[in-house]
>>> print(open('final.txt').read())   # compact mmCIF, N, CA and C atoms
# COMPACT_ATOMS: atom_id res chain seq x y z
N MET W 1 21.67 -54.90 13.87
CA MET W 1 21.27 -53.72 13.11
C MET W 1 21.49 -52.47 13.95
N SER W 2 22.03 -51.46 13.36
CA SER W 2 22.32 -50.25 14.12
C SER W 2 21.05 -49.43 14.35
N ARG W 3 21.11 -48.65 15.43
CA ARG W 3 19.96 -47.84 15.82
C ARG W 3 19.91 -46.59 14.94
N ALA W 4 18.75 -46.35 14.32
CA ALA W 4 18.59 -45.17 13.46
C ALA W 4 17.75 -44.13 14.19
N THR W 5 18.22 -42.91 14.23
CA THR W 5 17.46 -41.84 14.86
C THR W 5 16.93 -40.90 13.78
N ASN W 6 16.08 -40.02 14.20
CA ASN W 6 15.53 -39.03 13.27
C ASN W 6 16.20 -37.68 13.51
N ALA W 7 17.46 -37.72 13.94
CA ALA W 7 18.15 -36.51 14.39
C ALA W 7 18.20 -35.40 13.35
N PRO W 8 18.58 -35.64 12.11
CA PRO W 8 18.67 -34.52 11.16
C PRO W 8 17.32 -33.83 10.94
N ALA W 9 16.26 -34.63 10.80
CA ALA W 9 14.94 -34.04 10.54
C ALA W 9 14.42 -33.28 11.75
N SER W 10 14.58 -33.86 12.96
CA SER W 10 14.06 -33.18 14.15
C SER W 10 14.88 -31.92 14.45
N ARG W 11 16.19 -31.97 14.21
CA ARG W 11 17.02 -30.78 14.41
C ARG W 11 16.60 -29.68 13.44
N GLU W 12 16.29 -30.06 12.21
CA GLU W 12 15.83 -29.07 11.21
C GLU W 12 14.49 -28.46 11.62
N ARG W 13 13.60 -29.33 12.14
CA ARG W 13 12.29 -28.84 12.60
C ARG W 13 12.46 -27.82 13.72
N ARG W 14 13.32 -28.15 14.68
CA ARG W 14 13.56 -27.24 15.81
C ARG W 14 14.21 -25.94 15.33
N ARG W 15 15.17 -26.07 14.41
CA ARG W 15 15.84 -24.88 13.89
C ARG W 15 14.83 -23.95 13.21
N ARG W 16 13.90 -24.56 12.45
CA ARG W 16 12.89 -23.77 11.74
C ARG W 16 11.98 -23.03 12.73
N VAL W 17 11.58 -23.71 13.81
CA VAL W 17 10.72 -23.08 14.81
C VAL W 17 11.45 -21.92 15.47
N LEU W 18 12.72 -22.13 15.85
CA LEU W 18 13.47 -21.06 16.50
C LEU W 18 13.72 -19.90 15.55
N GLU W 19 13.85 -20.18 14.27
CA GLU W 19 14.01 -19.12 13.27
C GLU W 19 12.73 -18.29 13.18
N GLU W 20 11.58 -18.95 13.24
CA GLU W 20 10.29 -18.24 13.13
C GLU W 20 10.00 -17.40 14.37
N THR W 21 10.56 -17.77 15.52
CA THR W 21 10.29 -17.05 16.76
C THR W 21 11.46 -16.15 17.16
N LYS W 22 12.25 -15.77 16.20
CA LYS W 22 13.49 -15.02 16.48
C LYS W 22 13.24 -13.71 17.22
N GLY W 23 12.20 -12.99 16.90
CA GLY W 23 11.99 -11.68 17.52
C GLY W 23 11.22 -11.72 18.83
N PHE W 24 10.84 -12.91 19.29
CA PHE W 24 10.05 -13.02 20.51
C PHE W 24 10.95 -12.81 21.73
N ARG W 25 10.34 -12.44 22.86
CA ARG W 25 11.12 -12.12 24.06
C ARG W 25 11.35 -13.34 24.94
N GLY W 26 12.52 -13.38 25.55
CA GLY W 26 12.83 -14.38 26.57
C GLY W 26 12.83 -15.80 26.03
N PRO W 27 12.35 -16.73 26.86
CA PRO W 27 12.39 -18.15 26.48
C PRO W 27 11.47 -18.47 25.31
N ARG W 28 10.58 -17.56 24.95
CA ARG W 28 9.69 -17.82 23.81
C ARG W 28 10.46 -17.84 22.49
N SER W 29 11.71 -17.41 22.53
CA SER W 29 12.54 -17.49 21.32
C SER W 29 13.74 -18.43 21.50
N LYS W 30 13.90 -18.99 22.70
CA LYS W 30 15.07 -19.83 22.98
C LYS W 30 14.68 -21.28 23.25
N ASN W 31 13.70 -21.52 24.11
CA ASN W 31 13.29 -22.88 24.47
C ASN W 31 12.33 -23.41 23.41
N ILE W 32 12.60 -24.61 22.95
CA ILE W 32 11.83 -25.13 21.82
C ILE W 32 10.36 -25.29 22.17
N ARG W 33 10.05 -25.76 23.37
CA ARG W 33 8.65 -26.01 23.73
C ARG W 33 7.87 -24.69 23.81
N GLN W 34 8.45 -23.72 24.50
CA GLN W 34 7.78 -22.42 24.61
C GLN W 34 7.74 -21.71 23.26
N ALA W 35 8.77 -21.91 22.46
CA ALA W 35 8.80 -21.29 21.14
C ALA W 35 7.70 -21.86 20.25
N MET W 36 7.48 -23.18 20.32
CA MET W 36 6.43 -23.80 19.51
C MET W 36 5.05 -23.30 19.94
N GLU W 37 4.84 -23.18 21.24
CA GLU W 37 3.55 -22.68 21.74
C GLU W 37 3.34 -21.23 21.32
N ALA W 38 4.40 -20.43 21.42
CA ALA W 38 4.29 -19.01 21.05
C ALA W 38 4.03 -18.87 19.55
N ARG W 39 4.71 -19.70 18.74
CA ARG W 39 4.50 -19.64 17.29
C ARG W 39 3.08 -20.06 16.92
N ASP W 40 2.60 -21.13 17.54
CA ASP W 40 1.24 -21.60 17.24
C ASP W 40 0.20 -20.55 17.62
N ARG W 41 0.40 -19.92 18.77
CA ARG W 41 -0.53 -18.89 19.22
C ARG W 41 -0.48 -17.68 18.29
N ALA W 42 0.72 -17.29 17.87
CA ALA W 42 0.87 -16.15 16.97
C ALA W 42 0.16 -16.41 15.65
N ARG W 43 0.30 -17.61 15.12
CA ARG W 43 -0.36 -17.94 13.86
C ARG W 43 -1.88 -17.93 14.01
N ARG W 44 -2.36 -18.49 15.13
CA ARG W 44 -3.80 -18.54 15.37
C ARG W 44 -4.38 -17.12 15.49
N LEU W 45 -3.68 -16.26 16.23
CA LEU W 45 -4.17 -14.89 16.40
C LEU W 45 -4.04 -14.09 15.11
N ALA W 46 -3.02 -14.38 14.31
CA ALA W 46 -2.87 -13.67 13.04
C ALA W 46 -4.07 -13.95 12.15
N THR W 47 -4.53 -15.19 12.14
CA THR W 47 -5.70 -15.55 11.34
C THR W 47 -6.93 -14.82 11.85
N ALA W 48 -7.13 -14.83 13.17
CA ALA W 48 -8.30 -14.17 13.75
C ALA W 48 -8.26 -12.66 13.50
N HIS W 49 -7.08 -12.08 13.63
CA HIS W 49 -6.98 -10.62 13.50
C HIS W 49 -7.10 -10.15 12.05
N ARG W 50 -6.79 -11.02 11.09
CA ARG W 50 -7.06 -10.65 9.70
C ARG W 50 -8.55 -10.49 9.48
N LYS W 51 -9.35 -11.31 10.15
CA LYS W 51 -10.80 -11.19 10.04
C LYS W 51 -11.28 -9.93 10.76
N LEU W 52 -10.71 -9.66 11.94
CA LEU W 52 -11.13 -8.49 12.73
C LEU W 52 -10.75 -7.18 12.04
N LYS W 53 -9.66 -7.20 11.29
CA LYS W 53 -9.20 -5.98 10.62
C LYS W 53 -10.26 -5.45 9.66
N LYS W 54 -10.92 -6.37 8.94
CA LYS W 54 -11.97 -5.97 8.01
C LYS W 54 -13.11 -5.29 8.75
N ARG W 55 -13.49 -5.87 9.90
CA ARG W 55 -14.57 -5.32 10.71
C ARG W 55 -14.19 -3.94 11.25
N ASP W 56 -12.94 -3.80 11.72
CA ASP W 56 -12.49 -2.54 12.29
C ASP W 56 -12.48 -1.42 11.25
N PHE W 57 -12.01 -1.73 10.04
CA PHE W 57 -11.97 -0.70 9.00
C PHE W 57 -13.36 -0.27 8.59
N ARG W 58 -14.28 -1.23 8.45
CA ARG W 58 -15.65 -0.87 8.10
C ARG W 58 -16.26 0.04 9.17
N GLN W 59 -15.97 -0.26 10.44
CA GLN W 59 -16.45 0.56 11.55
C GLN W 59 -15.89 1.99 11.45
N LEU W 60 -14.62 2.09 11.10
CA LEU W 60 -13.98 3.40 10.96
C LEU W 60 -14.61 4.20 9.83
N TRP W 61 -14.84 3.53 8.67
CA TRP W 61 -15.43 4.23 7.53
C TRP W 61 -16.84 4.73 7.88
N ILE W 62 -17.61 3.91 8.56
CA ILE W 62 -18.98 4.31 8.93
C ILE W 62 -18.94 5.49 9.88
N ALA W 63 -18.01 5.48 10.84
CA ALA W 63 -17.89 6.61 11.77
C ALA W 63 -17.54 7.90 11.03
N ARG W 64 -16.65 7.81 10.06
CA ARG W 64 -16.27 9.00 9.28
C ARG W 64 -17.44 9.53 8.46
N ILE W 65 -18.16 8.61 7.82
CA ILE W 65 -19.31 9.03 7.01
C ILE W 65 -20.36 9.65 7.89
N ASN W 66 -20.60 9.04 9.05
CA ASN W 66 -21.60 9.55 9.98
C ASN W 66 -21.26 10.97 10.43
N ALA W 67 -19.97 11.19 10.76
CA ALA W 67 -19.55 12.53 11.19
C ALA W 67 -19.76 13.54 10.06
N ALA W 68 -19.45 13.14 8.83
CA ALA W 68 -19.59 14.07 7.70
C ALA W 68 -21.06 14.34 7.39
N THR W 69 -21.92 13.33 7.50
CA THR W 69 -23.34 13.53 7.20
C THR W 69 -24.02 14.36 8.27
N ARG W 70 -23.59 14.21 9.52
CA ARG W 70 -24.19 15.01 10.61
C ARG W 70 -23.94 16.49 10.39
N THR W 71 -22.76 16.85 9.87
CA THR W 71 -22.48 18.26 9.61
C THR W 71 -23.37 18.80 8.49
N GLU W 72 -23.84 17.90 7.61
CA GLU W 72 -24.73 18.30 6.52
C GLU W 72 -26.20 18.23 6.92
N GLY W 73 -26.47 17.80 8.16
CA GLY W 73 -27.84 17.81 8.66
C GLY W 73 -28.65 16.58 8.28
N ILE W 74 -28.02 15.44 8.16
CA ILE W 74 -28.74 14.20 7.84
C ILE W 74 -28.06 13.07 8.61
N SER W 75 -28.82 12.06 8.97
CA SER W 75 -28.23 10.93 9.70
C SER W 75 -27.58 9.96 8.71
N TYR W 76 -26.72 9.11 9.25
CA TYR W 76 -26.01 8.14 8.41
C TYR W 76 -26.97 7.19 7.73
N SER W 77 -27.94 6.68 8.50
CA SER W 77 -28.85 5.67 7.94
C SER W 77 -29.72 6.27 6.83
N LYS W 78 -30.16 7.51 7.03
CA LYS W 78 -30.97 8.16 5.99
C LYS W 78 -30.12 8.46 4.75
N PHE W 79 -28.86 8.79 4.98
CA PHE W 79 -27.93 9.06 3.87
C PHE W 79 -27.73 7.81 3.03
N ILE W 80 -27.45 6.68 3.68
CA ILE W 80 -27.22 5.42 2.96
C ILE W 80 -28.50 4.98 2.24
N ALA W 81 -29.63 5.10 2.93
CA ALA W 81 -30.91 4.73 2.31
C ALA W 81 -31.19 5.61 1.09
N GLY W 82 -30.89 6.91 1.21
CA GLY W 82 -31.09 7.83 0.10
C GLY W 82 -30.20 7.50 -1.09
N LEU W 83 -28.95 7.13 -0.81
CA LEU W 83 -28.04 6.76 -1.90
C LEU W 83 -28.52 5.50 -2.61
N ILE W 84 -29.02 4.54 -1.84
CA ILE W 84 -29.52 3.30 -2.45
C ILE W 84 -30.73 3.60 -3.32
N ASN W 85 -31.64 4.44 -2.81
CA ASN W 85 -32.83 4.82 -3.59
C ASN W 85 -32.46 5.60 -4.85
N ALA W 86 -31.39 6.40 -4.75
CA ALA W 86 -30.96 7.20 -5.90
C ALA W 86 -30.17 6.36 -6.91
N GLY W 87 -29.82 5.14 -6.53
CA GLY W 87 -29.08 4.27 -7.44
C GLY W 87 -27.59 4.52 -7.47
N VAL W 88 -27.07 5.16 -6.43
CA VAL W 88 -25.63 5.42 -6.35
C VAL W 88 -24.96 4.19 -5.73
N ILE W 89 -24.01 3.62 -6.44
CA ILE W 89 -23.31 2.43 -5.95
C ILE W 89 -21.89 2.82 -5.58
N LEU W 90 -21.69 3.17 -4.32
CA LEU W 90 -20.37 3.48 -3.79
C LEU W 90 -20.20 2.75 -2.47
N ASN W 91 -19.06 2.11 -2.27
CA ASN W 91 -18.86 1.43 -1.00
C ASN W 91 -18.46 2.42 0.09
N ARG W 92 -18.48 1.97 1.31
CA ARG W 92 -18.25 2.86 2.45
C ARG W 92 -16.82 3.39 2.49
N LYS W 93 -15.89 2.61 1.99
CA LYS W 93 -14.50 3.06 1.94
C LYS W 93 -14.37 4.29 1.05
N MET W 94 -14.97 4.23 -0.13
CA MET W 94 -14.90 5.35 -1.06
C MET W 94 -15.69 6.55 -0.53
N LEU W 95 -16.83 6.29 0.08
CA LEU W 95 -17.61 7.39 0.65
C LEU W 95 -16.83 8.12 1.73
N SER W 96 -16.10 7.38 2.58
CA SER W 96 -15.33 8.04 3.63
C SER W 96 -14.16 8.83 3.03
N GLU W 97 -13.55 8.31 1.98
CA GLU W 97 -12.47 9.04 1.32
C GLU W 97 -12.99 10.33 0.69
N ILE W 98 -14.17 10.26 0.07
CA ILE W 98 -14.78 11.46 -0.52
C ILE W 98 -15.11 12.47 0.57
N ALA W 99 -15.63 11.98 1.69
CA ALA W 99 -15.99 12.87 2.80
C ALA W 99 -14.76 13.61 3.33
N ILE W 100 -13.62 12.95 3.36
CA ILE W 100 -12.41 13.57 3.90
C ILE W 100 -11.76 14.50 2.88
N ASN W 101 -11.59 14.00 1.65
CA ASN W 101 -10.77 14.72 0.67
C ASN W 101 -11.54 15.66 -0.26
N ASP W 102 -12.85 15.47 -0.38
CA ASP W 102 -13.63 16.28 -1.32
C ASP W 102 -14.98 16.67 -0.69
N PRO W 103 -14.98 17.62 0.25
CA PRO W 103 -16.22 17.98 0.93
C PRO W 103 -17.31 18.49 -0.02
N ALA W 104 -16.93 19.18 -1.08
CA ALA W 104 -17.93 19.67 -2.03
C ALA W 104 -18.60 18.51 -2.76
N GLY W 105 -17.81 17.54 -3.17
CA GLY W 105 -18.37 16.36 -3.83
C GLY W 105 -19.26 15.57 -2.89
N PHE W 106 -18.86 15.51 -1.61
CA PHE W 106 -19.68 14.79 -0.63
C PHE W 106 -21.00 15.51 -0.41
N LYS W 107 -20.95 16.84 -0.45
CA LYS W 107 -22.19 17.62 -0.27
C LYS W 107 -23.17 17.33 -1.40
N THR W 108 -22.68 17.17 -2.62
CA THR W 108 -23.57 16.83 -3.73
C THR W 108 -24.18 15.45 -3.54
N LEU W 109 -23.41 14.51 -2.99
CA LEU W 109 -23.94 13.18 -2.67
C LEU W 109 -25.04 13.27 -1.60
N VAL W 110 -24.80 14.13 -0.60
CA VAL W 110 -25.80 14.30 0.47
C VAL W 110 -27.08 14.89 -0.12
N ASP W 111 -26.93 15.90 -0.98
CA ASP W 111 -28.12 16.51 -1.62
C ASP W 111 -28.87 15.47 -2.45
N LEU W 112 -28.14 14.65 -3.16
CA LEU W 112 -28.74 13.59 -3.96
C LEU W 112 -29.51 12.61 -3.07
N ALA W 113 -28.93 12.26 -1.93
CA ALA W 113 -29.58 11.33 -1.00
C ALA W 113 -30.82 11.97 -0.38
N LYS W 114 -30.75 13.27 -0.11
CA LYS W 114 -31.90 13.94 0.49
C LYS W 114 -33.08 13.98 -0.49
N LYS W 115 -32.80 14.21 -1.78
CA LYS W 115 -33.87 14.24 -2.78
C LYS W 115 -34.52 12.86 -2.94
N ALA W 116 -33.69 11.83 -2.90
CA ALA W 116 -34.22 10.45 -3.07
C ALA W 116 -34.77 10.00 -1.73
>>> encode(input="final.txt", output="structure tokens")
Amino acid sequence: MSRATNAPASRERRRRVLEETKGFRGPRSKNIRQAMEARDRARRLATAHRKLKKRDFRQLWIARINAATRTEGISYSKFIAGLINAGVILNRKMLSEIAINDPAGFKTLVDLAKKA
């Protein structure tokens, strides 16, 4: 019986890995072992960083809202608490956009929070 290898499938696997690591520098895009390690690490970090991105953006929105509320003479926590008491349902992303693009509208929100 003749010897059967898995050559076509393994060659395709290696080709696919090298295709995925095409833009990497040095042996991380040429050597199959280093390319596989680099690809696995890139995928793992991509998953982790998708989670971190949400955290980073929320942090940015809060910083923007805080800066805008301080100019109006109220703290961020009192502003958010006032909005909740007033029954205003706006997420932090929209609040930061309002603070940047519509200062007059944001001032009315601050006044509403101060009353509540």
>>> atom_distance(input="final.txt", atom1="CA of Ala116 in chain W", atom2="CA of Gly82 in chain W")
5.2 Å
>>> closest_atom_pairs(input="final.txt", of="range 38-92 of chain W", to="range 99-113 of chain W", cutoff="6.5 Å", atoms="all atoms listed in the file", output="tab-separated table")
residue	atom	partner	partner_atom	distance
W:Ala68	CA	W:Ala99	CA	6.2
W:Lys78	C	W:Ala113	C	6.3
W:Phe79	CA	W:Ala113	CA	5.6
W:Ala81	C	W:Ala113	CA	6.3
W:Gly82	C	W:Ala113	CA	3.9
W:Leu83	N	W:Ala113	CA	4.3
W:Ala86	CA	W:Leu112	C	6.3
>>> select_by_dssp(input="final.txt", residues="range 2-116 of chain W", states="alpha helix (DSSP H)", output="PyMOL selection string")
chain W and resi 7-20+32-71+76-86+92-101+103-115
>>> closest_residue(input="final.txt", among="W:His49, W:Arg70, W:Arg3, W:Arg14", to="Gln34 in chain W", atoms="only C-alpha atoms")
W:Arg14
>>> atom_distance(input="final.txt", atom1="CA of Met36 in chain W", atom2="CA of Ala7 in chain W")
18.0 Å
>>> atom_distance(input="final.txt", atom1="CA of Phe24 in chain W", atom2="CA of Asp40 in chain W")
12.7 Å
>>> closest_residue(input="final.txt", among="W:Lys114, W:Trp61, W:Arg41, W:Lys22", to="Met94 in chain W", atoms="only N, CA and C atoms")
W:Trp61
>>> residues_around(input="final.txt", residues="Ile62 in chain W", least_positions_apart="3", cutoff="8 Å", atoms="only N, CA and C atoms", output="PyMOL selection string")
chain W and resi 56-59+65-68+76+92-93+96
